[in-house]
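To be precise, the following lines are target33.csv, and they hold CSV, C-alpha atoms.
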chain,number,residue,atom,x,y,z
A,1081,MET,CA,-88.4,-51.4,-121.5
A,1082,ARG,CA,-90.1,-54.8,-122.0
A,1083,THR,CA,-88.0,-57.7,-120.8
A,1084,SER,CA,-88.6,-61.4,-121.2
A,1085,CYS,CA,-86.9,-64.6,-120.3
A,1086,LYS,CA,-87.8,-68.2,-121.3
A,1087,LEU,CA,-86.2,-71.2,-119.7
A,1088,VAL,CA,-87.0,-74.8,-120.7
A,1089,PHE,CA,-85.7,-77.9,-118.8
A,1090,ASP,CA,-85.9,-81.6,-119.2
A,1091,ILE,CA,-86.4,-82.8,-115.6
A,1092,GLN,CA,-85.4,-86.4,-114.8
A,1093,VAL,CA,-86.6,-86.5,-111.2
A,1094,SER,CA,-88.6,-84.0,-109.1
A,1095,THR,CA,-86.3,-81.1,-108.6
A,1096,PRO,CA,-86.4,-78.2,-106.1
A,1097,PHE,CA,-85.7,-74.8,-107.7
A,1098,ILE,CA,-85.1,-71.3,-106.3
A,1099,LEU,CA,-85.7,-68.6,-109.0
A,1100,MET,CA,-84.8,-64.9,-109.1
A,1101,LEU,CA,-86.7,-63.7,-112.1
A,1102,ARG,CA,-89.0,-60.9,-110.9
A,1103,PRO,CA,-87.6,-57.3,-111.1
A,1104,ARG,CA,-88.6,-55.0,-108.2
A,1105,SER,CA,-89.2,-51.3,-108.3
A,1106,GLY,CA,-86.3,-49.3,-106.8
A,1107,ASN,CA,-83.5,-47.0,-107.7
A,1108,GLN,CA,-84.0,-45.7,-111.3
A,1109,GLN,CA,-86.6,-48.3,-112.3
A,1110,TRP,CA,-90.3,-48.8,-111.9
A,1111,VAL,CA,-92.0,-52.1,-112.7
A,1112,SER,CA,-95.5,-51.2,-114.1
A,1113,ARG,CA,-96.4,-54.7,-115.2
A,1114,ASP,CA,-95.0,-58.2,-115.0
A,1115,GLU,CA,-96.1,-61.7,-116.0
A,1116,TYR,CA,-94.9,-65.1,-114.8
A,1117,ASP,CA,-96.0,-68.4,-116.4
A,1118,ILE,CA,-94.9,-71.9,-115.3
A,1119,SER,CA,-95.8,-75.0,-117.2
A,1120,PRO,CA,-96.9,-77.4,-116.0
A,1121,SER,CA,-98.4,-75.4,-113.2
A,1122,VAL,CA,-97.0,-76.2,-109.7
A,1123,PRO,CA,-97.3,-74.5,-106.3
A,1124,VAL,CA,-94.9,-71.6,-105.9
A,1125,VAL,CA,-93.9,-69.7,-102.8
A,1126,GLU,CA,-92.4,-66.2,-103.2
A,1127,PHE,CA,-90.1,-64.7,-100.6
A,1128,THR,CA,-87.7,-61.8,-100.2
A,1129,ASP,CA,-84.1,-62.9,-99.6
A,1130,THR,CA,-81.5,-61.2,-97.3
A,1131,TYR,CA,-80.7,-58.7,-100.0
A,1132,GLY,CA,-84.3,-57.7,-100.8
A,1133,ASN,CA,-84.5,-59.7,-104.0
A,1134,LEU,CA,-87.9,-61.3,-105.0
A,1135,CYS,CA,-87.3,-65.1,-105.1
A,1136,GLN,CA,-89.6,-68.0,-105.9
A,1137,ARG,CA,-89.5,-71.6,-104.5
A,1138,LEU,CA,-91.0,-74.6,-106.3
A,1139,ILE,CA,-90.5,-78.2,-107.1
A,1140,ALA,CA,-90.3,-79.0,-110.8
A,1141,PRO,CA,-92.0,-82.3,-111.8
A,1142,LYS,CA,-90.4,-84.9,-114.1
A,1143,GLY,CA,-90.6,-84.1,-117.8
A,1144,ILE,CA,-90.4,-80.9,-119.8
A,1145,PHE,CA,-90.7,-77.9,-117.5
A,1146,SER,CA,-90.8,-74.3,-118.7
A,1147,ILE,CA,-90.6,-70.9,-117.1
A,1148,ARG,CA,-91.6,-67.7,-119.0
A,1149,THR,CA,-91.4,-64.2,-117.5
A,1150,SER,CA,-92.0,-60.7,-118.9
A,1151,ALA,CA,-92.0,-57.3,-117.4
A,1152,LYS,CA,-92.7,-53.7,-118.5
A,1153,VAL,CA,-90.2,-51.5,-116.7
A,1154,GLN,CA,-89.7,-47.7,-116.7
A,1155,THR,CA,-86.0,-47.2,-116.4
A,1156,ALA,CA,-83.5,-44.4,-116.7
A,1157,ASP,CA,-82.4,-43.4,-120.2
A,1158,ILE,CA,-79.0,-42.7,-118.7
A,1159,VAL,CA,-77.8,-44.0,-115.3
A,1160,ASP,CA,-76.8,-41.4,-112.8
A,1161,GLU,CA,-73.2,-40.3,-112.6
A,1162,ALA,CA,-71.5,-38.3,-109.9
A,1163,PRO,CA,-67.9,-37.4,-110.5
A,1164,GLY,CA,-66.4,-36.1,-107.3
A,1165,ALA,CA,-69.0,-37.9,-105.1
A,1166,HIS,CA,-67.3,-38.3,-101.7
A,1167,PHE,CA,-66.1,-41.4,-100.0
A,1168,VAL,CA,-68.4,-42.4,-97.1
A,1169,GLU,CA,-66.5,-43.1,-93.9
A,1170,ILE,CA,-67.2,-46.5,-92.4
A,1171,HIS,CA,-68.8,-45.2,-89.3
A,1172,ASN,CA,-71.3,-43.2,-91.4
A,1173,LEU,CA,-72.4,-46.1,-93.6
A,1174,PRO,CA,-75.9,-47.6,-93.2
A,1175,ASP,CA,-76.0,-50.9,-91.5
A,1176,THR,CA,-77.4,-52.6,-94.6
A,1177,VAL,CA,-74.3,-51.6,-96.6
A,1178,LEU,CA,-71.6,-52.8,-94.2
A,1179,ASN,CA,-71.8,-56.4,-95.6
A,1180,TYR,CA,-70.6,-55.2,-99.0
A,1181,LEU,CA,-67.3,-54.1,-97.5
A,1182,LEU,CA,-66.2,-57.7,-96.7
A,1183,PRO,CA,-64.4,-60.3,-98.8
A,1184,SER,CA,-66.8,-62.9,-100.3
A,1185,ARG,CA,-66.4,-66.2,-102.2
A,1186,TYR,CA,-65.6,-64.7,-105.6
A,1187,CYS,CA,-64.4,-61.3,-104.5
A,1188,GLU,CA,-61.2,-61.7,-102.4
A,1189,SER,CA,-60.9,-58.0,-101.6
A,1190,ASP,CA,-58.2,-58.7,-99.0
A,1191,ARG,CA,-55.8,-59.6,-101.9
A,1192,PHE,CA,-56.0,-56.4,-103.9
A,1193,GLY,CA,-55.1,-53.5,-101.5
A,1194,GLU,CA,-51.8,-52.5,-103.2
A,1195,MET,CA,-53.1,-53.0,-106.7
A,1196,ALA,CA,-56.2,-50.9,-106.1
A,1197,TYR,CA,-54.2,-48.1,-104.5
A,1198,SER,CA,-51.7,-48.0,-107.4
A,1199,MET,CA,-54.5,-47.5,-109.9
A,1200,THR,CA,-56.3,-44.8,-107.9
A,1201,TYR,CA,-53.7,-43.0,-105.9
A,1202,ASN,CA,-54.1,-39.8,-107.9
A,1203,GLN,CA,-57.9,-39.8,-107.6
A,1204,SER,CA,-60.1,-38.1,-105.0
A,1205,PRO,CA,-61.6,-40.7,-102.6
A,1206,GLY,CA,-65.0,-42.0,-103.6
A,1207,TYR,CA,-66.6,-42.0,-107.1
A,1208,ASN,CA,-63.5,-41.0,-108.9
A,1209,GLN,CA,-61.6,-44.0,-107.5
A,1210,VAL,CA,-64.4,-46.3,-108.8
A,1211,ALA,CA,-64.4,-44.6,-112.2
A,1212,ALA,CA,-60.6,-45.2,-112.4
A,1213,ILE,CA,-61.1,-48.9,-111.5
A,1214,GLU,CA,-63.8,-49.2,-114.2
A,1215,LYS,CA,-61.5,-47.6,-116.8
A,1216,TRP,CA,-58.6,-49.9,-115.8
A,1217,LEU,CA,-60.9,-53.0,-116.2
A,1218,ARG,CA,-62.0,-51.8,-119.6
A,1219,GLU,CA,-58.5,-51.3,-120.8
A,1220,ASN,CA,-56.8,-54.4,-119.2
A,1221,ILE,CA,-59.4,-57.2,-118.9
A,1222,ASP,CA,-60.8,-58.6,-122.2
A,1223,TYR,CA,-64.5,-59.0,-122.1
A,1224,ILE,CA,-65.3,-62.2,-124.0
A,1225,PRO,CA,-69.1,-63.2,-123.9
A,1226,GLY,CA,-69.7,-66.9,-123.6
A,1227,SER,CA,-66.1,-67.7,-122.7
A,1228,SER,CA,-67.0,-69.3,-119.4
A,1229,ASN,CA,-70.0,-71.0,-117.7
A,1230,ILE,CA,-68.3,-71.2,-114.3
A,1231,PRO,CA,-67.9,-68.1,-112.1
A,1232,LEU,CA,-64.3,-67.0,-111.7
A,1233,SER,CA,-63.0,-65.3,-108.6
A,1234,ALA,CA,-61.4,-61.9,-108.8
A,1235,VAL,CA,-58.0,-63.4,-108.4
A,1236,ASP,CA,-58.6,-65.8,-111.3
A,1237,VAL,CA,-59.9,-63.0,-113.6
A,1238,ASN,CA,-56.9,-60.8,-112.8
A,1239,ASN,CA,-54.6,-63.7,-113.6
A,1240,ASN,CA,-56.4,-64.6,-116.8
A,1241,LYS,CA,-56.9,-61.0,-118.0
A,1242,SER,CA,-60.3,-62.0,-119.6
A,1243,GLY,CA,-63.8,-63.1,-118.6
A,1244,VAL,CA,-67.5,-62.7,-119.1
A,1245,CYS,CA,-69.5,-59.8,-117.6
A,1246,ARG,CA,-69.9,-61.6,-114.2
A,1247,ASP,CA,-66.1,-62.0,-114.0
A,1248,LEU,CA,-65.3,-58.4,-114.7
A,1249,ALA,CA,-67.8,-57.4,-112.0
A,1250,HIS,CA,-66.1,-59.7,-109.5
A,1251,LEU,CA,-62.8,-58.0,-110.0
A,1252,GLY,CA,-64.3,-54.5,-109.9
A,1253,ILE,CA,-66.1,-55.3,-106.7
A,1254,ALA,CA,-62.9,-56.7,-105.1
A,1255,LEU,CA,-60.9,-53.7,-106.0
A,1256,CYS,CA,-63.5,-51.3,-104.6
A,1257,ARG,CA,-63.9,-53.2,-101.3
A,1258,SER,CA,-60.1,-53.2,-100.9
A,1259,LEU,CA,-60.4,-49.4,-100.7
A,1260,SER,CA,-63.2,-49.6,-98.1
A,1261,ILE,CA,-65.8,-48.7,-100.8
A,1262,PRO,CA,-68.9,-50.9,-100.5
A,1263,ALA,CA,-69.6,-52.7,-103.8
A,1264,ARG,CA,-72.2,-55.2,-104.9
A,1265,MET,CA,-73.0,-57.3,-107.9
A,1266,VAL,CA,-76.2,-56.7,-110.0
A,1267,VAL,CA,-77.7,-59.2,-112.4
A,1268,GLY,CA,-80.4,-58.3,-114.9
A,1269,TYR,CA,-81.1,-57.1,-118.4
A,1270,LEU,CA,-79.3,-54.6,-120.7
A,1271,TYR,CA,-80.9,-53.1,-123.8
A,1272,CYS,CA,-78.9,-53.7,-127.0
A,1273,LEU,CA,-76.5,-56.2,-125.3
A,1274,ARG,CA,-74.8,-58.3,-127.9
A,1275,PRO,CA,-75.1,-61.2,-127.9
A,1276,MET,CA,-78.4,-60.9,-125.9
A,1277,ASP,CA,-78.4,-62.7,-122.6
A,1278,MET,CA,-78.6,-62.0,-118.9
A,1279,HIS,CA,-76.1,-59.4,-117.9
A,1280,ALA,CA,-74.1,-58.6,-114.8
A,1281,TRP,CA,-72.5,-55.3,-113.6
A,1282,PHE,CA,-71.5,-53.8,-110.3
A,1283,GLU,CA,-72.6,-50.9,-108.1
A,1284,ALA,CA,-70.5,-48.9,-105.6
A,1285,TYR,CA,-71.8,-46.9,-102.6
A,1286,VAL,CA,-70.3,-43.4,-102.7
A,1287,GLY,CA,-71.8,-40.0,-101.9
A,1288,GLY,CA,-74.5,-41.6,-99.8
A,1289,ARG,CA,-76.1,-43.9,-102.5
A,1290,TRP,CA,-75.4,-46.7,-105.1
A,1291,TYR,CA,-74.0,-45.9,-108.6
A,1292,THR,CA,-73.8,-48.2,-111.6
A,1293,PHE,CA,-70.4,-49.2,-113.2
A,1294,ASP,CA,-70.0,-51.6,-116.1
A,1295,ALA,CA,-66.6,-52.1,-117.7
A,1296,THR,CA,-68.0,-54.4,-120.4
A,1297,GLN,CA,-69.6,-51.4,-122.1
A,1298,PRO,CA,-67.9,-48.4,-123.9
A,1299,SER,CA,-66.9,-45.4,-121.8
A,1300,GLY,CA,-69.4,-42.6,-121.6
A,1301,PRO,CA,-73.1,-42.4,-120.5
A,1302,LYS,CA,-74.8,-45.7,-120.0
A,1303,GLY,CA,-78.5,-46.6,-120.0
A,1304,GLY,CA,-81.1,-49.4,-120.6
A,1305,TYR,CA,-80.4,-51.4,-117.4
A,1306,VAL,CA,-83.1,-53.4,-115.7
A,1307,ALA,CA,-82.0,-55.0,-112.4
A,1308,LEU,CA,-83.3,-58.4,-111.2
A,1309,GLY,CA,-81.1,-59.1,-108.2
A,1310,PHE,CA,-78.4,-57.7,-106.0
A,1311,GLY,CA,-75.8,-59.5,-103.8
A,1312,ARG,CA,-72.2,-59.9,-102.7
A,1313,ASP,CA,-71.2,-61.8,-105.8
A,1314,ALA,CA,-72.4,-64.4,-108.2
A,1315,THR,CA,-73.3,-66.8,-105.3
A,1316,ASP,CA,-76.2,-64.5,-104.4
A,1317,VAL,CA,-77.6,-63.5,-107.7
A,1318,ALA,CA,-78.2,-66.7,-109.8
A,1319,VAL,CA,-81.4,-66.4,-111.8
A,1320,TYR,CA,-82.0,-70.0,-110.9
A,1321,ASN,CA,-80.6,-72.5,-108.5
A,1322,GLN,CA,-81.6,-76.2,-108.6
A,1323,PHE,CA,-80.8,-78.9,-106.1
A,1324,GLY,CA,-80.2,-82.6,-106.7
A,1325,PRO,CA,-79.0,-84.1,-110.0
A,1326,VAL,CA,-77.6,-81.4,-112.3
A,1327,VAL,CA,-80.1,-79.9,-114.7
A,1328,TYR,CA,-79.2,-77.8,-117.7
A,1329,ALA,CA,-81.5,-75.6,-119.6
A,1330,LEU,CA,-82.5,-77.0,-123.0
A,1331,GLU,CA,-83.5,-73.5,-124.1
A,1332,GLN,CA,-82.8,-70.1,-122.7
A,1333,GLU,CA,-84.1,-67.0,-124.5
A,1334,VAL,CA,-83.7,-63.5,-123.3
A,1335,GLN,CA,-85.2,-60.4,-125.0
A,1336,VAL,CA,-85.1,-56.7,-124.2
A,1337,GLU,CA,-87.0,-54.1,-126.3
A,1338,CYS,CA,-87.4,-50.4,-126.0
A,1339,LEU,CA,-91.1,-49.3,-126.0
A,1340,GLY,CA,-92.4,-46.0,-127.4
A,1341,ASP,CA,-94.3,-43.5,-125.4
A,1342,ASP,CA,-97.6,-44.9,-126.7
A,1343,HIS,CA,-97.0,-48.2,-124.9

Same coordinates, now as structure tokens:
Amino acid sequence: MRTSCKLVFDIQVSTPFILMLRPRSGNQQWVSRDEYDISPSVPVVEFTDTYGNLCQRLIAPKGIFSIRTSAKVQTADIVDEAPGAHFVEIHNLPDTVLNYLLPSRYCESDRFGEMAYSMTYNQSPGYNQVAAIEKWLRENIDYIPGSSNIPLSAVDVNNNKSGVCRDLAHLGIALCRSLSIPARMVVGYLYCLRPMDMHAWFEAYVGGRWYTFDATQPSGPKGGYVALGFGRDATDVAVYNQFGPVVYALEQEVQVECLGDDH
């Protein structure tokens, strides 16, 4: 895949930014090349956050400020599936996974125990429970791209019965965590997403590893995902955070193309 993102801002006063726009190599993806252009050029400090995401700090000067990124990423044609993968007991979970069991700002998992049990009671613990949650989301929550610019919590999404990709992920994560299954949000790119934009989905930790789930897409095999960031919920995976007077992007353009073997 070749991914690209262009962001253009009109900055009124010097504004600190934290960006999350560089993919990293990892589970089912390998970054073979990436480019990062900032105009006008300013000093940038890159760091790795608590969740292992590559982040960049900078101060944008007053005036038109643009960010352009692109990456060539080898990714799985079809994400791994594992029906029957077992539930991992809490005492056997890696230390780095434990944080994804807890309620978070947008994923109030302590509010969904009975609901999660009712939709998964006839499933074997683990992967099959998460698959049942994904199926329920697809059938009961309307996916409406562009319907909201403000993150909704899992409780809000369940009440509204609709949301954007980020919102469906929040509810899926909360339902998984209420069953003591670690779950995390992922933000990135998806090939053939319509309309094209940044995308969000969730992963659940079962059978000793993370697996991808996305209720916004049709049931069946999935592929074409490129992850940018991982976190507890939308709080942790914004592609940019700015501080001070609110700044909105004048232009945001996202593209994903599939390259042939000769590329």

List as a ChimeraX atom specification the protein and nucleic acid residues near Tyr1305 (chain A), meaning an atom at most 7 Å away when only C-alpha atoms are counted, but skip any in the same chain fewer than 4 places from it. /A:1269-1271

Could you work out how far CA of Phe1097 (chain A) lies from CA of Glu1126 (chain A), giving the answer in Å with one decimal?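 These two atoms are separated by 11.8 Å.
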
Best match for closeness to Trp1290 (chain A) among A:Phe1167, A:Phe1192, A:Phe1323, A:Trp1216, counting all atoms listed in the file: A:Phe1167

For the contact check between region 1129-1195 of chain A and region 1106-1123 of chain A, emit one row per residue of region 1129-1195 of chain A within 8 Å, containing the shortest atom pair and the distance in Å rounded to one decimal, counting all atoms listed in the file, chain then rising number order, as a Markdown table.
| residue | atom | partner | partner_atom | distance |
| --- | --- | --- | --- | --- |
| A:Leu1138 | CA | A:Pro1123 | CA | 6.3 |
| A:Ile1139 | CA | A:Val1122 | CA | 7.3 |
| A:Ala1140 | CA | A:Val1122 | CA | 7.3 |
| A:Phe1145 | CA | A:Ser1119 | CA | 5.9 |
| A:Ser1146 | CA | A:Ser1119 | CA | 5.3 |
| A:Ile1147 | CA | A:Ile1118 | CA | 4.8 |
| A:Arg1148 | CA | A:Asp1117 | CA | 5.2 |
| A:Thr1149 | CA | A:Tyr1116 | CA | 4.5 |
| A:Ser1150 | CA | A:Glu1115 | CA | 5.1 |
| A:Ala1151 | CA | A:Asp1114 | CA | 3.9 |
| A:Lys1152 | CA | A:Arg1113 | CA | 5.1 |
| A:Val1153 | CA | A:Val1111 | CA | 4.4 |
| A:Gln1154 | CA | A:Trp1110 | CA | 5.0 |
| A:Thr1155 | CA | A:Gln1109 | CA | 4.3 |
| A:Ala1156 | CA | A:Gln1108 | CA | 5.6 |
| A:Val1159 | CA | A:Gln1108 | CA | 7.6 |

Export, as a PDB file, in the coordinates of the input, the selected residues with C-alpha atoms.
ATOM      1  CA  LEU A1138     -91.000 -74.600-106.300  1.00  0.00           C
ATOM      2  CA  ILE A1139     -90.500 -78.200-107.100  1.00  0.00           C
ATOM      3  CA  ALA A1140     -90.300 -79.000-110.800  1.00  0.00           C
ATOM      4  CA  PHE A1145     -90.700 -77.900-117.500  1.00  0.00           C
ATOM      5  CA  SER A1146     -90.800 -74.300-118.700  1.00  0.00           C
ATOM      6  CA  ILE A1147     -90.600 -70.900-117.100  1.00  0.00           C
ATOM      7  CA  ARG A1148     -91.600 -67.700-119.000  1.00  0.00           C
ATOM      8  CA  THR A1149     -91.400 -64.200-117.500  1.00  0.00           C
ATOM      9  CA  SER A1150     -92.000 -60.700-118.900  1.00  0.00           C
ATOM     10  CA  ALA A1151     -92.000 -57.300-117.400  1.00  0.00           C
ATOM     11  CA  LYS A1152     -92.700 -53.700-118.500  1.00  0.00           C
ATOM     12  CA  VAL A1153     -90.200 -51.500-116.700  1.00  0.00           C
ATOM     13  CA  GLN A1154     -89.700 -47.700-116.700  1.00  0.00           C
ATOM     14  CA  THR A1155     -86.000 -47.200-116.400  1.00  0.00           C
ATOM     15  CA  ALA A1156     -83.500 -44.400-116.700  1.00  0.00           C
ATOM     16  CA  VAL A1159     -77.800 -44.000-115.300  1.00  0.00           C
TER      17      VAL A1159
END

Exercise: Ser1204 (chain A) partners within 9 Å, all atoms listed in the file, chain neighbours under 5 positions left out, as a PyMOL selection string: chain A and resi 1164-1167+1209

Identify which of the residues A:Gly1324, A:Gly1311, A:Pro1262, A:Gly1304 lies closest to Arg1185 (chain A), counting only C-alpha atoms when measuring atom-to-atom distances.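 The shortest atom-to-atom distance to Arg1185 (chain A) comes from A:Gly1311.
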
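Compared by their closest atoms to Ala1234 (chain A), and using all atoms listed in the file, the residues A:Glu1194, A:Glu1188, A:Glu1161, A:Asp1313 rank with A:Glu1188 nearest.
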
Neighbouring residues of Arg1264 (chain A) were defined as those with any atom within 8 Å, considering all atoms listed in the file; residues of the same chain fewer than 4 positions away were excluded. Please report them as a PyMOL selection string. chain A and resi 1180+1253+1282-1284+1310-1313

I need the chosen residues saved as a short mmCIF file (atom, residue, chain, number, x, y, z; two decimals), keeping the file's coordinate frame, with C-alpha atoms.
data_model
loop_
_atom_site.label_atom_id
_atom_site.label_comp_id
_atom_site.auth_asym_id
_atom_site.auth_seq_id
_atom_site.Cartn_x
_atom_site.Cartn_y
_atom_site.Cartn_z
CA TYR A 1180 -70.60 -55.20 -99.00
CA ILE A 1253 -66.10 -55.30 -106.70
CA PHE A 1282 -71.50 -53.80 -110.30
CA GLU A 1283 -72.60 -50.90 -108.10
CA ALA A 1284 -70.50 -48.90 -105.60
CA PHE A 1310 -78.40 -57.70 -106.00
CA GLY A 1311 -75.80 -59.50 -103.80
CA ARG A 1312 -72.20 -59.90 -102.70
CA ASP A 1313 -71.20 -61.80 -105.80
#

Just give me the gap between CA of Gly1193 (chain A) and CA of Ser1258 (chain A) in Å, one decimal is fine. 5.0 Å
